[in-house]
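J.: The structure under discussion is supplied below as C-alpha cells; questions concerning it will follow.
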Amino acid sequence: MIDLQDIQKTFNKGRPNEYVAVRRVSLKVEPQLVTVLKGPSGSGKTTLLSLLGCMTRPTSGRIFLDGREITSLPERFLTEIRRRTYGFIFQQFNLVKGITVLENVMLPAYPTGERRAVLRDRAMELLELFSMAHKAPSKVEWLSGGESQRVAIARALINDPGYVIADEPTAHLDTALSREFMEIVATLKGRGKTIVMASHDPIVCSEGLVDRIVEVRDGSLVSDGPHR
Amino acid sequence: MILHPSIIALLTGSILTSGMLLYAAVFAVQILRHWDLSSGSELQLQLERKTYLISTLMTYALGFQLIALFLFIYTANSLCSQLIGAMCAVGSLKANQWGYPAVVLQAVSFLVAGVWLVVNGADNRGYDYPLVRKKYLLLLIVAPLVMAQTIVEALYFLSLKVNIITSCCGTLFGANVTDQSGNLLSLPRVPLQIAFWGIFAVTFAAGLAFCLRGRLGWLYAAGSALFLPVAIASLISFVSPYVYELPTHHCPFCLLQPEYRYIGYLFYLTIFTGGVAGLGTGVLLPFRRIPSLAELLPSYLRRLAVLGLACYTVFTVSAVVEIAFSHLRI
Amino acid sequence: MSAVERHRNILDFTLASLMRRKGKNSALIVVYTLVVFVLASALFFTQAIRREAGLVLTDAPELVVQRLVAGRHDLIPTAYLEKIRDIRGVTGARSRLWGYYYDATVGANYTLEVPLEAPPPEGSVIVGEGLARTSGAAVDSLMPFRTTRGEITTFAVSKILPSDSSLVSADLVLLSEKDFREMFGVDRAHATDLAVTVRNKKEIPVIARKIAEALPDTRTISRDEILRTYDAVFSWRGGIMLALLAGAVLAFVIFAWDRAAGLSAEERKEIGILKAIGWETSDVLLMKFWEGVAVSLTAFLLGIVAAYVHVFFASAGLFEPVLKGWSVLYPRFRLVPFIDFPQVAALFFLTVVPYTVATVIPSWRAATVDPDAVMRG
C-alpha cells in the first residue's frame with residue numbers, strides 16, 4: 001500500500017515563479033486494485049503520480065510504502081525501492097531509440113547486476129506474453145504505436161514490480177488500441193498487480209475494471225470514490 | 001628549473017587534482033553548513049546530488065594520485081643524470097629540501113584520500129547518510145593535503161638547478177660531490193626484522209579473528225597502521241639488498257626499475273592498498289553500532305579486512321620469495 | 001546479482017550507445033587522437049634522441065682535456081700527454097684529432113675525425129651514411145676536399161658506415177692522421193684534444209682537478225658532464241615542445257568540455273528515460289565513466305601507436321627540422337624504438353586527465369536529471 005500523508009510539492013520555492021503543484025494531499029492506494037487519477041492537464045495529477053512512484057520527493061508531508069517511511073531516503077535507496085516496486089508506462093512510451101526491442105525491455109534491470117542470460121529469458125517471456133517475441137531483434141524505430149505500447153509495458157514488468165504506474169497511457173492510441181491496452185491492464189490486475197493511472201480518457205475512466213477514480217484539480221483532490 | 005616533459009605532466013596532473021579537490025571542498029563546506037536530511041527543500045536535493053559529484057571527483061583524484069606517485073619517483077630517477085652526484089632517485093630528491101617532503105605528502109594524501117573513499121563507501125550503505133558530517137570534515141583535511149603536495153612538488157621542481165657544461169670551464173669543482181647512491185638508511189636490521197614479523201603475525205591473526213568472528217578489530221587496525229611504516233622500513237633495510245644483490249644498496253626507489261622485474265610496483269601497491277584497507281577498517285570500527293549501518297557495515301568491514309590481509313600476505317610472500325631466490329647471502 | 005554483472009551490463013549498453021552515435025563520437029575521437037599523437041610524437045622523439053646520445057657517448061673517453069687560449073678552444077701540445085700520464089689514477093692518455101669541414105658544394109658541415117683504432121689507409125676515407133647520400137659518394141668514388149692552403153685534395157671512399165648507426169655518425173668522415181694533419185696544417189706537436197682514461201670512475205673529479213692544477217691553460221670535460229648536458233638540452237627541448245603544444249591541449253579540452261556540456265536533446269532525453277525506468281545517478285555516472293574510458297582508451301592507443309610509427313618508422317617527418325638542429329645531413333635516419341612507463345604516464349596526465357576533468361562536471365549534470373523529467377516534459 002502507498003500512503004501519502006499531507007503531501008505538498010512546491011516548485012521553485014522562494015522564488016517569484018514559485019508554484020504549488022500538489023497541495024496537502026492525503027491518499028492511500030490500496031493494493032491489487034486499479035486506481036485512476038482523473039483531471040485536466042495541469043491539475044497536478046502527473047506530479048501526484050510521480051510522488052506515488054517515488055520519482056520525486058515531496059516538499060513536505062510523509063510517504064509510506066507498505067508501512068515503511070520512505071520520504072527522505074537518499075536517492076540510491078529510493079531508486080532501488082522504486083526499481084523493485086514500480087513499473088512505469090509513459091505517455092510517449094519513451095523507448096530508447098537505436099537499440100533492439102529486447103534490449104529496451106532489459107534496460108531497467110541492467111543496474112541490478114543480474115546475469116544477462118537470466119534477464120534475457122525473462123524479457124523474452126514478457127514479450128511472448130504480449131505477442132511481441134517475433135519483434136525482439138528489431139529496432140524500436142520500426143514499431144507501430146500499439147507495438148511500442150506493448151514493449152513499454154513489457155519493460156515496465158521486467159523487474160517484476162508489484163505496482164504499475166501509467167501516465168496517460170492511451171493519449172497516443174486510437175480507440176481500438178486503447179481498448180486493447182485496457183485488456184492488458186485487466187491481465188495485469190489478474191496477475192495481482194496494483195495499477196495507478198493518470199488519465200482523462202473516457203475509455204479508461206468508464207472501464208469496468210477500474211476500482212477507484214480520484215479526481216484532481218489545482219493540486220488538490222476534488223472527489224474520491226469507487227467507480228460507479 | 002628543469003623543463004622536463006614528465007615534470008610538466010606531473011605539475012599539470014597535480015594542479016588539476018588540486019582544482020578538483022578545491023571544488024569538492026567548497027561543496028563540502030556547503031554540505032556541512034546546510035545539510036538537513038529531513039528537509040525536502042530544493043537546496044537539500046541539490047546538496048544530495050552534489051554528493052555524487054564529490055564521490056566521482058574523489059575517485060578520479062585517488063586514481064590520478066596513484067599514477068602520479070609512481071611517475072614522480074620515475075621522474076626523480078631520470079633527473080639524476082642531470083644532477084651532480086645523484087645516482088638515482090634518492091640523490092635527485094636530496095637535491096633540495098623539497099624533494100622528500102613532496103614524496104611523503106604524496107603518500108600521505110593518497111592514504112587519506114583512500115580512507116575517505118572507504119568511509120564514503122560505508123556512508124553510501126546507510127539509508128540516512130550516517131557519516132555525512134565526518135566524511136566531509138575528512139574531505140576538508142584531504143583537500144589541503146593535496147594542495148600542499150602540489151605546492152611542495154612545484155617548489156621542488158622549480159628550485160632544481162641543472163649542472164651543465166659552461167663555456168668557461170669543464171668540471172665543476174664548486175659542487176660538493178658526495179656519493180648519494182642508494183644508501184638512504186642503515187636501519188638496524190635484526191630489531192627491524194623482529195618488528196616486521198611480529199607485527200605481521202599479530203595483524204594477520206587479529207585480521208583473521210576479525211574476519212571470522214568479528215573480534216579483535218582494534219588490534220587489527222592498530223597492526224595495519226604499524227604495518228605500513230614498518231613494511232617500508234623493512235623494504236629499505238633488509239629486503240632491497242637481496243633484490244639488488246648488493247649488501248650496501250638500500251634504495252627504496254630502484255625497486256621500480258625494469259632491471260628488478262618491476263617488483264617495486266607489487267611491493268608498493270600491496271603496502272598502500274593494504275594500508276588504505278587497514279586504516280579504513282580502523283576509522284569505521286567505532287560506527288558499527290549506528291542503527292542504519294549495523295546491518296551492512298560488518299560485511300563491508302570484513303571484505304575490507306580480507307583485502308588488507310590479502311595485500312599484506314602478498315607483500316610478505318613476495319618479499320620472502322625475493323630473499324629466498326636472491327644470490328646474495330648476508 | 002553482482003557488481004561485476006552490473007558493470008558488464010552498463011558497459012555493454014554504453015558501448016552500444018557509442019556505436020549508435022558513431023558520427024558524433026568519431027569527431028571527438030579524431031581530435032583526441034590527434035592531440036595524443038602530436039604530444040606522443042614530441043615526447044617519444046626527444047626521449048629517443050636523448051637516449052641515442054647517451055648510447056653514443058658510452059664509447060666516449062671518460063675525460064677530455066682541451067687547451068683554452070683567451071677562453072677559446074685551441075690546439076693542445078702533445079707534450080701535455082706525459083704530464084697527464086704522471087698523475088696517479090690515470091691509466092692512459094691519447095691525443096685526438098678532429099674538426100669540422102664545410103663543404104660548399106653540398107652546403108653542409110662534416111665532422112672529420114681520426115679514429116683512435118683502425119684508421120683508414122692514407123688517401124682514403126670512411127664516411128657516414130647521411131653524408132654519402134647527400135654528396136652522392138659511393139665506395140671507391142673520390143671525394144674532393146679543400147685544404148687550408150687552398151689546394152684541392154681527393155680521397156677515395158673506402159667504406160660507408162652502416163645506416164643503422166645513429167644520429168652522430170651521419171655526418172662523419174674518418175681519415176688517417178697524416179691526411180688530417182696535411183689537410184688542416186696541424187703539426188705533429190699538437191692535437192685537437194686529449195682523451196684520458198682513469199682507473200676508478202669516482203676519482204674523475206680529483207683527477208680533473210689535478211690536471212687543471214698541472215696544466216692551468218686547459219679545461220677538462222668528463223663524459224658524465226656531456227651526458228648531463230645532452231640530457232638537459234634534449235629534455236628541455238621536449239619540454240619546450242610540450243609547452244608550445246599546451247595550446248592544442250587547451251583547445252581540445254575546451255572542445256571536449258563543450259561537447260560534454262552541450263548534450264544533444266536526444267541524449268538528454270535518453271538519460272531522462274534511464275532515470276525514469278530505474279537507473280540511479282551513480283548508474284548513469286558509471287555509464288559516463290565507461291564512456292570516457294572507451295573514448296580515452298581508443299584515442300590514447302590510436303594516438304600512441306600512430307606516434308610510435310611516426311617517430312620510429314617514419315623518422316618523425318613532421319617535426320624533425322624543429323628538433324634535430326643544424327645540419328642538412330639528417331633527412332633520413334632511424335631511432336631505436338623506445339617507450340616506457342614514464343612516457344605513457346606523462347602522456348596520460350597531459351591528455352586523459354585534462355579530458356576527464358573537463359567532462360566530469362558536465363557528466364554529473366547530465367546524470368542528475370530528475371527521474372520525473374520525462375513525465376513533465
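By convention in this document, the chains of the C-alpha cells carry letters A, B, ... by their order, each chain's residues are numbered from 1, and ligands are numbered from 1 in the order they are shown.
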When you get a sec, could you note down which chain B residues fall within 12 Å of chain A, using only C-alpha atoms, as a compact mmCIF listing (two decimals) with C-alpha atoms, in the first residue's frame?
T.:
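Okay, this is what ended up in result_12.txt:
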```
# COMPACT_ATOMS: atom_id res chain seq x y z
CA ASP B 36 19.26 18.73 6.66
CA LEU B 37 18.11 15.29 5.69
CA SER B 38 14.57 15.74 6.95
CA SER B 39 14.01 18.65 4.60
CA GLY B 40 12.67 18.13 1.13
CA SER B 41 13.81 21.58 0.09
CA GLU B 42 15.45 22.14 -3.24
CA LEU B 43 18.69 23.13 -1.51
CA GLN B 44 18.83 19.77 0.25
CA LEU B 45 18.08 17.94 -3.02
CA GLN B 46 20.86 19.94 -4.67
CA LEU B 47 23.30 19.02 -1.91
CA GLU B 48 22.39 15.36 -2.17
CA ARG B 49 23.07 15.48 -5.88
CA LYS B 50 26.39 17.17 -5.17
CA THR B 51 27.46 14.20 -3.08
CA TYR B 52 27.57 12.16 -6.28
CA ASP B 123 28.22 6.03 4.26
CA ASN B 124 26.56 5.13 0.97
CA ARG B 125 25.32 1.93 2.55
CA GLY B 126 23.34 3.69 5.25
CA TYR B 127 19.93 4.99 4.30
CA ASP B 128 20.24 8.13 6.39
CA TYR B 129 23.75 9.31 5.39
CA PRO B 130 25.05 8.31 8.82
CA VAL B 132 27.95 12.58 6.23
CA SER B 292 21.45 2.32 9.78
```
J.: Residues of chain C within 9 Å of chain A, using only C-alpha atoms, as number ranges by chain?
T.: C: 1-10, 13, 16-17, 20, 269-270, 273-283, 370-372, 374-376
J.: With 6 Å as the limit and counting only C-alpha atoms, what residues in chain C lie close to chain B? Please list them as a PyMOL selection string.
T.: chain C and resi 219-221+228-229+235-236+239+342+346+349-350
J.: Residues of segment 37-269 of chain B classed as alpha helix (DSSP H) by DSSP on the backbone are to be reported as a count of residues only.
T.: 150
J.: Mind giving me the straight-line distance from atom CA of Phe184 of chain C to atom CA of Gly150 of chain C in Å, one decimal?
T.: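 Atom CA of Gly150 of chain C lies at a distance of 10.3 Å from atom CA of Phe184 of chain C.
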J.: Need the shell around Phe180 of chain C: protein/DNA/RNA residues with any atom at most 9 Å away, counting only C-alpha atoms. Skip same-chain ones fewer than 3 positions apart. Format as a PyMOL selection string?
T.: chain C and resi 97-98+112-114+175-177+183-186
J.: Please provide the set of residues having any atom within 9 Å of segment 199-209 of chain A, restricted to only C-alpha atoms, with same-chain residues fewer than 2 positions apart removed, written as a list of chain:residue names.
T.: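 Counting only the stated atoms, we get A:Leu33, A:Val34, A:Val36, A:Leu37, A:Lys38, A:Gly39, A:Pro40, A:Ser41, A:Lys45, A:Ala166, A:Asp167, A:Glu168, A:Pro169, A:Thr170, A:Ala171, A:Thr175, A:Ser178, A:Arg179, A:Met182, A:Val185, A:Ala186, A:Lys189, A:Met197, A:Asp211, A:Ile213, A:His227, A:Arg228.
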J.: Looking at only C-alpha atoms, which of C:Leu285, C:Ile226, C:Ala299, C:Val357 is the one that sits closest to Ala60 of chain C?
T.: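 Checking each of C:Leu285, C:Ile226, C:Ala299, C:Val357 against Ala60 of chain C, counting only C-alpha atoms, the winner is C:Ile226.
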J.: I need the strand (DSSP E) residues of segment 36-148 of chain A per DSSP on the backbone, written as a PDB file with N, CA and C atoms, in the first residue's frame.
T.:
```pdb
ATOM      1  N   VAL A  36      -7.521   5.269 -10.831  1.00  0.00           N
ATOM      2  CA  VAL A  36      -7.291   6.247 -11.890  1.00  0.00           C
ATOM      3  C   VAL A  36      -7.294   7.639 -11.287  1.00  0.00           C
ATOM      4  N   LEU A  37      -6.240   8.408 -11.607  1.00  0.00           N
ATOM      5  CA  LEU A  37      -6.228   9.817 -11.229  1.00  0.00           C
ATOM      6  C   LEU A  37      -6.755  10.581 -12.423  1.00  0.00           C
ATOM      7  N   LYS A  38      -7.838  11.296 -12.188  1.00  0.00           N
ATOM      8  CA  LYS A  38      -8.504  11.942 -13.306  1.00  0.00           C
ATOM      9  C   LYS A  38      -8.432  13.446 -13.111  1.00  0.00           C
ATOM     10  N   SER A  60       6.913  18.793   1.552  1.00  0.00           N
ATOM     11  CA  SER A  60       6.574  18.457   2.937  1.00  0.00           C
ATOM     12  C   SER A  60       5.579  17.306   2.922  1.00  0.00           C
ATOM     13  N   GLY A  61       5.360  16.729   4.092  1.00  0.00           N
ATOM     14  CA  GLY A  61       4.483  15.570   4.170  1.00  0.00           C
ATOM     15  C   GLY A  61       5.293  14.300   4.224  1.00  0.00           C
ATOM     16  N   ARG A  62       4.600  13.175   4.376  1.00  0.00           N
ATOM     17  CA  ARG A  62       5.312  11.915   4.517  1.00  0.00           C
ATOM     18  C   ARG A  62       4.717  10.860   3.599  1.00  0.00           C
ATOM     19  N   ILE A  63       5.577   9.987   3.103  1.00  0.00           N
ATOM     20  CA  ILE A  63       5.131   8.904   2.231  1.00  0.00           C
ATOM     21  C   ILE A  63       5.514   7.570   2.877  1.00  0.00           C
ATOM     22  N   PHE A  64       4.555   6.664   2.945  1.00  0.00           N
ATOM     23  CA  PHE A  64       4.836   5.325   3.462  1.00  0.00           C
ATOM     24  C   PHE A  64       4.584   4.313   2.359  1.00  0.00           C
ATOM     25  N   LEU A  65       5.509   3.393   2.226  1.00  0.00           N
ATOM     26  CA  LEU A  65       5.301   2.324   1.260  1.00  0.00           C
ATOM     27  C   LEU A  65       5.253   1.015   2.045  1.00  0.00           C
ATOM     28  N   ARG A  68       6.532   1.326   5.526  1.00  0.00           N
ATOM     29  CA  ARG A  68       7.849   1.881   5.800  1.00  0.00           C
ATOM     30  C   ARG A  68       7.936   3.299   5.260  1.00  0.00           C
ATOM     31  N   GLU A  69       8.426   4.200   6.101  1.00  0.00           N
ATOM     32  CA  GLU A  69       8.509   5.580   5.638  1.00  0.00           C
ATOM     33  C   GLU A  69       9.672   5.716   4.653  1.00  0.00           C
ATOM     34  N   TYR A  86       8.033  -0.597  -8.543  1.00  0.00           N
ATOM     35  CA  TYR A  86       7.188   0.013  -9.565  1.00  0.00           C
ATOM     36  C   TYR A  86       7.642  -0.298 -10.979  1.00  0.00           C
ATOM     37  N   GLY A  87       6.650  -0.376 -11.860  1.00  0.00           N
ATOM     38  CA  GLY A  87       6.947  -0.375 -13.282  1.00  0.00           C
ATOM     39  C   GLY A  87       6.257   0.836 -13.881  1.00  0.00           C
ATOM     40  N   PHE A  88       6.943   1.532 -14.758  1.00  0.00           N
ATOM     41  CA  PHE A  88       6.380   2.772 -15.278  1.00  0.00           C
ATOM     42  C   PHE A  88       6.033   2.661 -16.761  1.00  0.00           C
ATOM     43  N   ILE A  89       4.873   3.198 -17.102  1.00  0.00           N
ATOM     44  CA  ILE A  89       4.496   3.301 -18.510  1.00  0.00           C
ATOM     45  C   ILE A  89       4.211   4.768 -18.792  1.00  0.00           C
TER      46      ILE A  89
END
```
